[in-house]
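Asks: Below you'll find data_16.cif; it's mmCIF, C-alpha atoms.
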```cif
data_query
loop_
_atom_site.label_atom_id
_atom_site.label_comp_id
_atom_site.auth_asym_id
_atom_site.auth_seq_id
_atom_site.Cartn_x
_atom_site.Cartn_y
_atom_site.Cartn_z
CA MET A 1 -93.57 18.67 53.57
CA PRO A 2 -91.54 17.96 56.71
CA LYS A 3 -88.17 19.63 57.11
CA ILE A 4 -85.31 17.29 56.33
CA VAL A 5 -82.95 17.30 59.30
CA ASN A 6 -80.16 14.95 60.00
CA HIS A 7 -81.04 13.46 63.39
CA GLU A 8 -77.43 12.88 64.37
CA GLN A 9 -76.35 16.40 63.35
CA LYS A 10 -79.09 17.89 65.47
CA LYS A 11 -77.95 15.81 68.43
CA GLU A 12 -74.41 17.08 67.96
CA TYR A 13 -75.71 20.64 67.77
CA ILE A 14 -77.50 20.15 71.11
CA ALA A 15 -74.39 18.56 72.63
CA ALA A 16 -72.36 21.62 71.60
CA ALA A 17 -74.91 23.84 73.35
CA ALA A 18 -74.53 21.66 76.46
CA TRP A 19 -70.73 22.11 76.35
CA ARG A 20 -71.09 25.89 76.17
CA VAL A 21 -73.41 25.92 79.18
CA ILE A 22 -71.07 23.66 81.19
CA LEU A 23 -68.02 25.79 80.32
CA ARG A 24 -69.83 28.93 81.40
CA GLU A 25 -71.70 27.77 84.48
CA GLY A 26 -70.45 24.32 85.38
CA MET A 27 -72.84 21.37 85.65
CA LYS A 28 -75.26 23.38 87.78
CA GLY A 29 -76.46 25.21 84.67
CA ALA A 30 -76.63 22.09 82.55
CA THR A 31 -80.34 21.38 83.01
CA VAL A 32 -82.47 20.31 80.05
CA ARG A 33 -84.16 23.71 80.24
CA GLY A 34 -80.84 25.62 80.29
CA ILE A 35 -79.46 23.64 77.37
CA ALA A 36 -82.66 24.04 75.31
CA GLN A 37 -82.44 27.79 75.85
CA GLU A 38 -78.77 27.84 74.81
CA ALA A 39 -79.64 25.83 71.69
CA GLY A 40 -82.54 28.13 70.88
CA MET A 41 -85.03 25.26 71.00
CA SER A 42 -88.21 24.59 72.90
CA LEU A 43 -88.07 22.03 75.70
CA GLY A 44 -90.44 19.86 73.67
CA ALA A 45 -88.23 19.95 70.57
CA LEU A 46 -85.18 19.03 72.61
CA ARG A 47 -87.00 16.13 74.26
CA HIS A 48 -87.52 14.70 70.79
CA TYR A 49 -83.75 14.06 70.73
CA PHE A 50 -83.02 13.37 74.38
CA SER A 51 -85.68 12.22 76.80
CA THR A 52 -83.65 12.91 79.95
CA GLN A 53 -80.84 15.20 81.11
CA GLU A 54 -78.75 12.07 81.81
CA ASP A 55 -79.12 10.89 78.19
CA LEU A 56 -78.16 14.29 76.85
CA ILE A 57 -75.09 14.67 79.06
CA ALA A 58 -73.92 11.08 78.48
CA TYR A 59 -74.19 11.68 74.72
CA ALA A 60 -72.33 14.99 74.96
CA MET A 61 -69.54 13.35 76.98
CA GLN A 62 -69.18 10.43 74.58
CA LEU A 63 -68.88 13.00 71.79
CA VAL A 64 -66.11 14.82 73.69
CA ARG A 65 -64.33 11.50 74.06
CA GLU A 66 -64.72 10.48 70.40
CA ARG A 67 -63.54 13.83 69.09
CA ALA A 68 -60.51 13.77 71.37
CA LEU A 69 -59.60 10.28 70.13
CA LEU A 70 -60.00 11.34 66.48
CA ARG A 71 -57.90 14.45 67.04
CA ILE A 72 -55.16 12.50 68.82
CA THR A 73 -54.99 9.96 65.98
CA ALA A 74 -55.01 12.69 63.32
CA ASN A 75 -52.25 14.66 65.03
CA ASP A 76 -49.88 11.79 65.71
CA ARG A 77 -46.58 12.41 63.90
CA PRO A 78 -44.59 9.18 63.53
CA ASP A 79 -41.97 11.17 61.60
CA LEU A 80 -40.92 13.13 64.70
CA PRO A 81 -38.05 12.03 66.96
CA PRO A 82 -39.57 9.76 69.65
CA LYS A 83 -39.50 12.14 72.62
CA ILE A 84 -40.94 15.00 70.56
CA ARG A 85 -43.57 12.66 69.14
CA VAL A 86 -44.64 11.70 72.66
CA LEU A 87 -44.70 15.35 73.80
CA ASN A 88 -46.77 16.23 70.75
CA LEU A 89 -49.31 13.56 71.73
CA LEU A 90 -49.33 14.69 75.36
CA PHE A 91 -50.26 18.20 74.21
CA GLU A 92 -53.49 16.66 72.89
CA VAL A 93 -54.54 15.50 76.35
CA VAL A 94 -53.61 18.51 78.48
CA PRO A 95 -55.24 21.96 78.44
CA TRP A 96 -52.83 23.21 75.80
CA SER A 97 -55.00 24.67 73.04
CA GLU A 98 -58.46 26.24 73.26
CA ASP A 99 -59.95 22.93 72.08
CA THR A 100 -58.18 20.68 74.53
CA ARG A 101 -58.75 23.12 77.37
CA ALA A 102 -62.51 23.22 76.70
CA GLU A 103 -62.56 19.42 76.49
CA MET A 104 -60.76 19.01 79.81
CA ASP A 105 -62.92 21.62 81.53
CA VAL A 106 -66.15 20.00 80.34
CA TRP A 107 -64.87 16.60 81.35
CA LEU A 108 -63.78 17.65 84.85
CA ALA A 109 -67.02 19.54 85.51
CA TYR A 110 -68.92 16.43 84.43
CA VAL A 111 -66.96 13.71 86.17
CA PHE A 112 -66.84 15.50 89.53
CA SER A 113 -70.56 16.24 89.37
CA LEU A 114 -71.18 12.50 89.57
CA GLY A 115 -69.81 12.18 93.08
CA PRO A 116 -67.37 9.59 94.36
CA LYS A 117 -67.05 6.21 92.59
CA ALA A 118 -68.38 7.84 89.43
CA ASP A 119 -68.73 5.88 86.20
CA THR A 120 -66.07 7.68 84.20
CA LEU A 121 -67.31 6.12 80.92
CA GLY A 122 -63.97 4.36 80.53
CA VAL A 123 -62.24 7.69 79.89
CA GLN A 124 -59.89 7.59 82.89
CA GLN A 125 -58.96 4.00 82.08
CA GLU A 126 -58.32 4.99 78.45
CA MET A 127 -56.11 7.87 79.52
CA ARG A 128 -54.11 5.60 81.82
CA THR A 129 -53.70 2.98 79.09
CA GLY A 130 -52.65 5.76 76.73
CA MET A 131 -49.89 6.85 79.09
CA GLN A 132 -48.74 3.22 79.40
CA SER A 133 -48.55 2.99 75.59
CA LEU A 134 -46.46 6.15 75.34
CA ILE A 135 -43.99 4.84 77.91
CA ALA A 136 -43.92 1.40 76.23
CA TYR A 137 -43.13 3.15 72.95
CA LEU A 138 -40.27 5.12 74.54
CA SER A 139 -38.96 1.85 75.97
CA GLU A 140 -39.22 0.09 72.60
CA VAL A 141 -37.18 2.76 70.83
CA ARG A 142 -34.64 2.57 73.69
CA MET A 143 -35.28 6.10 74.89
CA LEU A 144 -36.11 5.19 78.51
CA ARG A 145 -33.28 5.87 80.92
CA GLU A 146 -31.85 2.73 82.53
CA GLY A 147 -33.57 1.92 85.81
CA THR A 148 -36.84 3.65 84.87
CA ASP A 149 -39.84 1.59 85.95
CA PRO A 150 -42.29 1.81 82.99
CA GLU A 151 -45.36 1.18 85.15
CA LEU A 152 -44.35 3.92 87.60
CA ALA A 153 -43.46 6.35 84.81
CA ALA A 154 -46.91 5.82 83.25
CA GLU A 155 -48.62 6.39 86.62
CA THR A 156 -46.58 9.57 87.12
CA LEU A 157 -47.37 10.90 83.66
CA TYR A 158 -51.06 10.10 84.18
CA SER A 159 -51.06 12.07 87.46
CA LEU A 160 -49.20 14.98 85.88
CA VAL A 161 -51.60 15.23 82.95
CA ASP A 162 -54.70 15.23 85.15
CA GLY A 163 -53.12 17.49 87.76
CA LEU A 164 -52.36 20.05 85.05
CA ALA A 165 -55.92 19.76 83.72
CA MET A 166 -57.28 20.29 87.21
CA HIS A 167 -55.16 23.38 87.79
CA ALA A 168 -56.06 24.86 84.41
CA TYR A 169 -59.71 24.40 85.38
CA LEU A 170 -59.46 25.81 88.89
CA GLU A 171 -56.89 28.54 88.19
CA PRO A 172 -57.53 29.69 84.64
CA GLY A 173 -55.13 32.42 83.62
CA ARG A 174 -52.31 31.24 85.89
CA LEU A 175 -51.17 28.08 84.16
CA SER A 176 -49.79 29.10 80.75
CA LYS A 177 -49.25 26.91 77.73
CA GLU A 178 -45.48 27.38 78.11
CA ARG A 179 -45.61 26.26 81.72
CA ILE A 180 -47.58 23.13 80.86
CA ALA A 181 -45.06 22.33 78.13
CA ALA A 182 -42.16 22.91 80.54
CA VAL A 183 -43.62 20.53 83.16
CA LEU A 184 -44.18 17.75 80.63
CA THR A 185 -40.82 18.28 78.90
CA GLY A 186 -39.03 18.36 82.25
CA TYR A 187 -40.59 15.07 83.30
CA LEU A 188 -39.87 13.34 79.98
CA ASP A 189 -36.28 14.58 80.13
CA SER A 190 -35.94 13.02 83.59
CA ILE A 191 -36.92 9.55 82.36
CA CYS A 192 -35.39 9.67 78.85
CA VAL A 193 -31.88 9.51 77.50
CA ALA A 194 -30.84 12.41 75.26
CA GLU A 195 -32.73 12.47 71.96
CA GLN A 196 -30.71 10.95 69.10
CA GLY A 197 -32.75 12.60 66.35
CA GLY A 198 -35.47 10.99 64.19
CA MET B 1 -82.91 25.36 132.67
CA PRO B 2 -81.48 25.58 129.15
CA LYS B 3 -79.04 22.92 128.01
CA ILE B 4 -75.47 24.14 128.07
CA VAL B 5 -73.97 23.52 124.62
CA ASN B 6 -70.78 24.87 123.19
CA HIS B 7 -71.86 26.71 120.06
CA GLU B 8 -68.57 26.08 118.22
CA GLN B 9 -68.56 22.37 119.11
CA LYS B 10 -72.05 21.99 117.74
CA LYS B 11 -71.00 23.67 114.51
CA GLU B 12 -68.10 21.25 114.19
CA TYR B 13 -70.45 18.36 114.83
CA ILE B 14 -72.68 19.57 112.00
CA ALA B 15 -69.65 20.06 109.72
CA ALA B 16 -68.62 16.45 110.39
CA ALA B 17 -72.10 15.32 109.37
CA ALA B 18 -71.73 17.37 106.16
CA TRP B 19 -68.40 15.63 105.39
CA ARG B 20 -69.98 12.20 105.82
CA VAL B 21 -72.79 13.09 103.43
CA ILE B 22 -70.36 14.50 100.84
CA LEU B 23 -68.11 11.42 101.06
CA ARG B 24 -71.07 9.13 100.57
CA GLU B 25 -73.10 10.98 97.97
CA GLY B 26 -70.98 13.84 96.65
CA MET B 27 -72.21 17.42 96.82
CA LYS B 28 -75.59 16.44 95.39
CA GLY B 29 -76.60 15.01 98.77
CA ALA B 30 -75.21 17.91 100.77
CA THR B 31 -78.44 19.85 101.14
CA VAL B 32 -79.34 21.46 104.46
CA ARG B 33 -82.08 18.87 104.81
CA GLY B 34 -79.73 15.95 104.07
CA ILE B 35 -77.11 17.23 106.50
CA ALA B 36 -79.68 17.84 109.25
CA GLN B 37 -80.89 14.28 108.84
CA GLU B 38 -77.32 12.93 109.00
CA ALA B 39 -76.70 14.99 112.15
CA GLY B 40 -79.96 13.77 113.70
CA MET B 41 -81.27 17.32 114.06
CA SER B 42 -84.36 19.12 112.91
CA LEU B 43 -84.04 21.58 110.07
CA GLY B 44 -84.98 24.37 112.50
CA ALA B 45 -82.28 23.38 115.00
CA LEU B 46 -79.65 23.29 112.26
CA ARG B 47 -80.71 26.70 110.98
CA HIS B 48 -79.88 28.07 114.42
CA TYR B 49 -76.21 27.40 113.55
CA PHE B 50 -76.16 27.95 109.81
CA SER B 51 -78.74 30.05 108.03
CA THR B 52 -77.87 28.83 104.53
CA GLN B 53 -76.35 25.77 102.85
CA GLU B 54 -73.54 28.02 101.55
CA ASP B 55 -72.63 29.11 105.10
CA LEU B 56 -72.61 25.52 106.31
CA ILE B 57 -70.46 24.22 103.45
CA ALA B 58 -68.03 27.16 103.60
CA TYR B 59 -67.60 26.54 107.34
CA ALA B 60 -67.09 22.79 106.81
CA MET B 61 -64.46 23.46 104.14
CA GLN B 62 -62.58 25.99 106.28
CA LEU B 63 -62.53 23.36 109.02
CA VAL B 64 -61.08 20.77 106.62
CA ARG B 65 -58.40 23.29 105.71
CA GLU B 66 -57.55 24.23 109.31
CA ARG B 67 -57.34 20.62 110.43
CA ALA B 68 -55.08 19.74 107.53
CA LEU B 69 -52.76 22.64 108.37
CA LEU B 70 -52.64 21.64 112.05
CA ARG B 71 -51.92 18.03 111.15
CA ILE B 72 -49.18 18.99 108.71
CA THR B 73 -47.47 21.18 111.32
CA ALA B 74 -47.82 18.52 114.02
CA ASN B 75 -46.38 15.79 111.80
CA ASP B 76 -43.39 17.69 110.47
CA ARG B 77 -40.18 15.89 111.48
CA PRO B 78 -37.17 18.24 111.26
CA ASP B 79 -35.02 15.38 112.60
CA LEU B 80 -35.46 13.32 109.44
CA PRO B 81 -33.01 13.46 106.52
CA PRO B 82 -34.24 16.22 104.14
CA LYS B 83 -35.69 14.08 101.35
CA ILE B 84 -37.48 11.80 103.82
CA ARG B 85 -38.73 14.84 105.71
CA VAL B 86 -40.21 16.25 102.49
CA LEU B 87 -41.79 12.90 101.56
CA ASN B 88 -43.25 12.66 105.04
CA LEU B 89 -44.87 16.09 104.56
CA LEU B 90 -46.14 15.19 101.09
CA PHE B 91 -47.91 12.17 102.56
CA GLU B 92 -50.01 14.66 104.55
CA VAL B 93 -51.38 16.26 101.37
CA VAL B 94 -52.06 13.20 99.21
CA PRO B 95 -54.73 10.53 99.77
CA TRP B 96 -52.36 8.42 101.82
CA SER B 97 -54.19 7.67 105.07
CA GLU B 98 -57.92 7.43 105.73
CA ASP B 99 -57.87 10.98 107.09
CA THR B 100 -56.05 12.59 104.19
CA ARG B 101 -58.07 10.60 101.67
CA ALA B 102 -61.36 11.78 103.19
CA GLU B 103 -60.07 15.36 103.25
CA MET B 104 -59.04 15.27 99.59
CA ASP B 105 -62.30 13.62 98.53
CA VAL B 106 -64.41 16.20 100.37
CA TRP B 107 -62.31 19.00 98.95
CA LEU B 108 -62.49 17.78 95.34
CA ALA B 109 -66.24 17.16 95.52
CA TYR B 110 -66.67 20.68 96.88
CA VAL B 111 -64.35 22.63 94.63
CA PHE B 112 -65.63 21.04 91.42
CA SER B 113 -69.24 21.61 92.46
CA LEU B 114 -68.56 25.36 92.25
CA GLY B 115 -68.00 25.31 88.51
CA PRO B 116 -65.19 26.98 86.61
CA LYS B 117 -63.33 29.94 88.12
CA ALA B 118 -64.38 28.75 91.56
CA ASP B 119 -63.28 30.57 94.69
CA THR B 120 -61.00 27.89 96.09
CA LEU B 121 -60.82 29.64 99.49
CA GLY B 122 -57.09 30.12 99.03
CA VAL B 123 -56.52 26.38 99.38
CA GLN B 124 -55.04 25.79 95.93
CA GLN B 125 -52.78 28.80 96.35
CA GLU B 126 -51.70 27.49 99.77
CA MET B 127 -50.93 24.09 98.32
CA ARG B 128 -48.85 25.63 95.54
CA THR B 129 -46.96 27.83 97.99
CA GLY B 130 -46.40 24.76 100.16
CA MET B 131 -44.81 22.89 97.26
CA GLN B 132 -42.59 25.91 96.55
CA SER B 133 -41.45 25.90 100.19
CA LEU B 134 -40.59 22.21 100.09
CA ILE B 135 -38.48 22.69 96.96
CA ALA B 136 -36.84 25.82 98.43
CA TYR B 137 -35.96 23.77 101.50
CA LEU B 138 -34.39 21.01 99.38
CA SER B 139 -32.40 23.68 97.57
CA GLU B 140 -31.25 25.27 100.83
CA VAL B 141 -29.91 22.00 102.18
CA ARG B 142 -28.20 21.43 98.80
CA MET B 143 -30.27 18.40 97.93
CA LEU B 144 -31.55 19.65 94.57
CA ARG B 145 -29.76 18.16 91.59
CA GLU B 146 -27.76 20.66 89.56
CA GLY B 147 -29.81 22.18 86.75
CA THR B 148 -33.16 21.63 88.50
CA ASP B 149 -35.43 24.65 88.05
CA PRO B 150 -37.06 25.15 91.50
CA GLU B 151 -40.15 26.89 90.09
CA LEU B 152 -40.73 24.09 87.59
CA ALA B 153 -40.10 21.39 90.19
CA ALA B 154 -42.71 23.01 92.48
CA GLU B 155 -45.25 23.19 89.64
CA THR B 156 -44.59 19.54 88.80
CA LEU B 157 -44.96 18.41 92.41
CA TYR B 158 -48.16 20.44 92.73
CA SER B 159 -49.60 18.75 89.61
CA LEU B 160 -48.55 15.32 90.84
CA VAL B 161 -50.14 15.79 94.26
CA ASP B 162 -53.47 16.94 92.84
CA GLY B 163 -53.40 14.38 90.02
CA LEU B 164 -52.96 11.62 92.60
CA ALA B 165 -55.80 13.06 94.71
CA MET B 166 -58.03 13.17 91.65
CA HIS B 167 -57.30 9.56 90.72
CA ALA B 168 -57.84 8.35 94.27
CA TYR B 169 -61.23 10.08 94.17
CA LEU B 170 -62.29 8.81 90.75
CA GLU B 171 -60.74 5.34 90.95
CA PRO B 172 -60.89 4.34 94.60
CA GLY B 173 -59.42 0.90 95.15
CA ARG B 174 -56.98 1.12 92.24
CA LEU B 175 -54.45 3.62 93.53
CA SER B 176 -52.75 2.04 96.55
CA LYS B 177 -50.80 3.79 99.28
CA GLU B 178 -47.64 2.08 98.06
CA ARG B 179 -48.20 3.32 94.53
CA ILE B 180 -48.71 6.91 95.70
CA ALA B 181 -45.52 6.66 97.73
CA ALA B 182 -43.62 5.22 94.75
CA VAL B 183 -44.74 8.07 92.43
CA LEU B 184 -43.70 10.76 94.91
CA THR B 185 -40.45 9.04 95.83
CA GLY B 186 -39.62 8.50 92.16
CA TYR B 187 -40.15 12.15 91.36
CA LEU B 188 -38.13 13.39 94.35
CA ASP B 189 -35.31 11.00 93.42
CA SER B 190 -35.28 12.49 89.93
CA ILE B 191 -34.69 16.04 91.20
CA CYS B 192 -32.52 15.26 94.27
CA VAL B 193 -28.97 14.13 94.75
CA ALA B 194 -28.50 10.95 96.80
CA GLU B 195 -29.49 11.40 100.45
CA GLN B 196 -26.48 12.05 102.66
CA GLY B 197 -28.22 11.09 105.92
CA GLY B 198 -29.64 13.44 108.58
#
```
Using structure tokens, write down the structure from this file.
Replies:
Amino acid sequence: MPKIVNHEQKKEYIAAAAWRVILREGMKGATVRGIAQEAGMSLGALRHYFSTQEDLIAYAMQLVRERALLRITANDRPDLPPKIRVLNLLFEVVPWSEDTRAEMDVWLAYVFSLGPKADTLGVQQEMRTGMQSLIAYLSEVRMLREGTDPELAAETLYSLVDGLAMHAYLEPGRLSKERIAAVLTGYLDSICVAEQGG
Amino acid sequence: MPKIVNHEQKKEYIAAAAWRVILREGMKGATVRGIAQEAGMSLGALRHYFSTQEDLIAYAMQLVRERALLRITANDRPDLPPKIRVLNLLFEVVPWSEDTRAEMDVWLAYVFSLGPKADTLGVQQEMRTGMQSLIAYLSEVRMLREGTDPELAAETLYSLVDGLAMHAYLEPGRLSKERIAAVLTGYLDSICVAEQGG
């Protein structure tokens, strides 16, 4: 009788092995052979789920993206005062916890391995749109300081978030959680009026 | 009679070929063979100057770094009003002109190809120290707004500069020169008092 395995679960298990390899060695180690070894599978068994390295990595990256989106939605706290709510959401897209840091590191290793004009799977566009939504929300609840250009504030926040992710990747150990929070809080303070409470 | 060639000039010529390959194809194309082809040399001739790909790339990156430092020093304008002087220097380290954009793109392709905990050849540290100096200068000439934390402002500027470089690399065509200038100007305005003139 054949073993009953959930095809999708097995794919997720392989993707997780790919993440571990990328976090440890960067994309250089993320060959089909290296990932099969990490997953404790034969090359043949792995090829049953992914026929090429490109397929495997694209799947793993889409999974990173989906999980991040789920986590962001789950952790949104509409009950918080607006500025704190926005900060709380920003902490989901910067290297703030072990989870988000691993996500960012895997993503950066991946996207820069593609070379210039990479297909970023819509992730960069999504991040930029997300920043625009946060600023639009602050504007809606009348928290944006007079004279703040929403488009420019979103662009600035988008640069900050990715700059912080880049530095956490390149200089692990230097950029603390507290420092990341201070940079984001400082910028939000500069474009927001004083918080009025929830 | 043997041809008289300047050894160092030839190395720079090869480094320039390496940059072109990296800009076109990312680090994937930057093999010794690919670079030799771009330089119009045989593999054997190239190996006379660089015995390994690592040597060649490390040399090319040091050259990027040295040229950037020379350009920054040459373009400093102590005669400008402080905030404009700082902006003018920042434009040398963001993807603002064709030169700086190529530099940033080559650098990002390189540094992310190394994987996590890369040896960034001191460049990231230099950039961070540079941002600290700019903020210290603004403080010295009493341009920093009261209550601005210089350390935090330097960290923010450092994140902005690299975030902008990253977006210019990943989304070429979207991030215009004007937009980059507006982000940097907007941030400086938020931490500086109104310019008093030179």
Asks: Starting from the displayed file, determine the output of the PyMOL selection byres ((chain A and resi 155-158) around 8) and express the residue list as a list in words.
Replies: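 With the PyMOL selection byres ((chain A and resi 155-158) around 8) on this model, the match is Met127, Arg128, Met131, Gln132, Glu151, Leu152, Ala153, Ala154, Ser159, Leu160, Val161, Asp162 and Tyr187 of chain A; Leu160, Gly163 and Val183 of chain B.
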Asks: With all atoms listed in the file as the atoms that count, which of A:Val94, A:Leu80, A:Ala39, A:Met27 lies nearest to chain B?
Replies: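 Selected residue with least distance to chain B: A:Met27.
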Asks: Compile a residue-level contact table for chain A against chain B at a cut-off of 10 Å, reporting for every qualifying residue the shortest atom pair and its distance in Å to one decimal, with all atoms listed in the file counted, rows ordered by chain and ascending number, as a tab-separated table.
Replies:
```
residue	atom	partner	partner_atom	distance
A:Ile22	CA	B:Gly115	CA	8.1
A:Leu23	CA	B:Pro116	CA	7.0
A:Arg24	CA	B:Pro116	CA	7.2
A:Glu25	CA	B:Gly115	CA	6.0
A:Gly26	CA	B:Gly115	CA	4.1
A:Met27	CA	B:Gly115	CA	6.9
A:Lys28	CA	B:Gly115	CA	7.5
A:Gly29	CA	B:Gly115	CA	9.3
A:Asp105	CA	B:Pro116	CA	7.7
A:Val106	CA	B:Pro116	CA	9.4
A:Leu108	CA	B:Phe112	CA	7.6
A:Ala109	CA	B:Phe112	CA	6.3
A:Tyr110	CA	B:Phe112	CA	9.0
A:Val111	CA	B:Leu170	CA	8.2
A:Phe112	CA	B:Phe112	CA	6.0
A:Ser113	CA	B:Ser113	CA	6.3
A:Leu114	CA	B:Gly26	CA	7.2
A:Gly115	CA	B:Gly26	CA	4.1
A:Pro116	CA	B:Gly26	CA	6.0
A:Lys117	CA	B:Leu170	CA	5.7
A:Ala118	CA	B:Leu170	CA	6.3
A:Asp119	CA	B:Leu170	CA	8.4
A:Thr120	CA	B:Leu170	CA	7.6
A:Gln124	CA	B:Leu170	CA	8.3
A:Gln125	CA	B:Glu171	CA	9.1
A:Thr148	CA	B:Gly186	CA	9.2
A:Asp149	CA	B:Gly186	CA	9.3
A:Leu152	CA	B:Val183	CA	6.4
A:Ala153	CA	B:Val183	CA	7.9
A:Ala154	CA	B:Val183	CA	9.7
A:Glu155	CA	B:Val183	CA	7.2
A:Thr156	CA	B:Val183	CA	5.8
A:Leu157	CA	B:Leu160	CA	8.5
A:Tyr158	CA	B:Gly163	CA	7.6
A:Ser159	CA	B:Gly163	CA	4.2
A:Leu160	CA	B:Leu160	CA	5.0
A:Val161	CA	B:Gly163	CA	7.3
A:Asp162	CA	B:Gly163	CA	5.1
A:Gly163	CA	B:Gly163	CA	3.9
A:Leu164	CA	B:Ser159	CA	5.5
A:Ala165	CA	B:Gly163	CA	8.7
A:Met166	CA	B:Asp162	CA	7.6
A:His167	CA	B:Ser159	CA	7.5
A:Ala168	CA	B:Lys117	CA	9.6
A:Tyr169	CA	B:Pro116	CA	6.2
A:Leu170	CA	B:Lys117	CA	5.7
A:Glu171	CA	B:Lys117	CA	6.6
A:Pro172	CA	B:Lys117	CA	6.8
A:Gly173	CA	B:Lys117	CA	9.7
A:Leu175	CA	B:Glu155	CA	9.4
A:Arg179	CA	B:Leu152	CA	7.9
A:Ile180	CA	B:Glu155	CA	9.1
A:Ala182	CA	B:Leu152	CA	7.3
A:Val183	CA	B:Thr156	CA	5.8
A:Leu184	CA	B:Thr156	CA	8.4
A:Gly186	CA	B:Leu152	CA	8.0
A:Tyr187	CA	B:Thr156	CA	8.1
A:Ser190	CA	B:Ser190	CA	6.4
A:Ile191	CA	B:Ser190	CA	8.3
```
Asks: With C-alpha atoms retained, write the just-selected residues as an mmCIF file, keeping the file's coordinate frame.
Replies:
```
data_model
loop_
_atom_site.group_PDB
_atom_site.id
_atom_site.type_symbol
_atom_site.label_atom_id
_atom_site.label_comp_id
_atom_site.auth_asym_id
_atom_site.auth_seq_id
_atom_site.Cartn_x
_atom_site.Cartn_y
_atom_site.Cartn_z
ATOM 1 C CA ILE A 22 -71.070 23.660 81.190
ATOM 2 C CA LEU A 23 -68.020 25.790 80.320
ATOM 3 C CA ARG A 24 -69.830 28.930 81.400
ATOM 4 C CA GLU A 25 -71.700 27.770 84.480
ATOM 5 C CA GLY A 26 -70.450 24.320 85.380
ATOM 6 C CA MET A 27 -72.840 21.370 85.650
ATOM 7 C CA LYS A 28 -75.260 23.380 87.780
ATOM 8 C CA GLY A 29 -76.460 25.210 84.670
ATOM 9 C CA ASP A 105 -62.920 21.620 81.530
ATOM 10 C CA VAL A 106 -66.150 20.000 80.340
ATOM 11 C CA LEU A 108 -63.780 17.650 84.850
ATOM 12 C CA ALA A 109 -67.020 19.540 85.510
ATOM 13 C CA TYR A 110 -68.920 16.430 84.430
ATOM 14 C CA VAL A 111 -66.960 13.710 86.170
ATOM 15 C CA PHE A 112 -66.840 15.500 89.530
ATOM 16 C CA SER A 113 -70.560 16.240 89.370
ATOM 17 C CA LEU A 114 -71.180 12.500 89.570
ATOM 18 C CA GLY A 115 -69.810 12.180 93.080
ATOM 19 C CA PRO A 116 -67.370 9.590 94.360
ATOM 20 C CA LYS A 117 -67.050 6.210 92.590
ATOM 21 C CA ALA A 118 -68.380 7.840 89.430
ATOM 22 C CA ASP A 119 -68.730 5.880 86.200
ATOM 23 C CA THR A 120 -66.070 7.680 84.200
ATOM 24 C CA GLN A 124 -59.890 7.590 82.890
ATOM 25 C CA GLN A 125 -58.960 4.000 82.080
ATOM 26 C CA THR A 148 -36.840 3.650 84.870
ATOM 27 C CA ASP A 149 -39.840 1.590 85.950
ATOM 28 C CA LEU A 152 -44.350 3.920 87.600
ATOM 29 C CA ALA A 153 -43.460 6.350 84.810
ATOM 30 C CA ALA A 154 -46.910 5.820 83.250
ATOM 31 C CA GLU A 155 -48.620 6.390 86.620
ATOM 32 C CA THR A 156 -46.580 9.570 87.120
ATOM 33 C CA LEU A 157 -47.370 10.900 83.660
ATOM 34 C CA TYR A 158 -51.060 10.100 84.180
ATOM 35 C CA SER A 159 -51.060 12.070 87.460
ATOM 36 C CA LEU A 160 -49.200 14.980 85.880
ATOM 37 C CA VAL A 161 -51.600 15.230 82.950
ATOM 38 C CA ASP A 162 -54.700 15.230 85.150
ATOM 39 C CA GLY A 163 -53.120 17.490 87.760
ATOM 40 C CA LEU A 164 -52.360 20.050 85.050
ATOM 41 C CA ALA A 165 -55.920 19.760 83.720
ATOM 42 C CA MET A 166 -57.280 20.290 87.210
ATOM 43 C CA HIS A 167 -55.160 23.380 87.790
ATOM 44 C CA ALA A 168 -56.060 24.860 84.410
ATOM 45 C CA TYR A 169 -59.710 24.400 85.380
ATOM 46 C CA LEU A 170 -59.460 25.810 88.890
ATOM 47 C CA GLU A 171 -56.890 28.540 88.190
ATOM 48 C CA PRO A 172 -57.530 29.690 84.640
ATOM 49 C CA GLY A 173 -55.130 32.420 83.620
ATOM 50 C CA LEU A 175 -51.170 28.080 84.160
ATOM 51 C CA ARG A 179 -45.610 26.260 81.720
ATOM 52 C CA ILE A 180 -47.580 23.130 80.860
ATOM 53 C CA ALA A 182 -42.160 22.910 80.540
ATOM 54 C CA VAL A 183 -43.620 20.530 83.160
ATOM 55 C CA LEU A 184 -44.180 17.750 80.630
ATOM 56 C CA GLY A 186 -39.030 18.360 82.250
ATOM 57 C CA TYR A 187 -40.590 15.070 83.300
ATOM 58 C CA SER A 190 -35.940 13.020 83.590
ATOM 59 C CA ILE A 191 -36.920 9.550 82.360
#
```
Asks: Could you tell me which residues the PyMOL selection byres ((chain B and resi 142) around 12) returns for this structure, as a list of chain:residue names?
Replies: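 For this structure, the PyMOL selection byres ((chain B and resi 142) around 12) captures B:Pro82, B:Lys83, B:Ile135, B:Ala136, B:Tyr137, B:Leu138, B:Ser139, B:Glu140, B:Val141, B:Met143, B:Leu144, B:Arg145, B:Glu146, B:Thr148, B:Ile191, B:Cys192, B:Val193, B:Ala194, B:Glu195, B:Gln196.
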Asks: Starting from the shown file, work through the PyMOL selection byres ((chain A and resi 49) around 9) and note down what comes out as a list in words.
Replies: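 This file, filtered by the PyMOL selection byres ((chain A and resi 49) around 9), leaves His7, Lys10, Lys11, Ile14, Ala45, Leu46, Arg47, His48, Phe50, Ser51 and Leu56 of chain A.
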Asks: Please define a box with edges along x, y and z of the file around all atoms of range 34-47 of chain A given in the file, extend it by 6 Å on each side, and return its centre and edge lengths in Å to one decimal, as AutoDock Vina command-line options.
Replies:
```
--center_x -84.6 --center_y 22.1 --center_z 75.4 --size_x 23.7 --size_y 24.0 --size_z 21.7
```
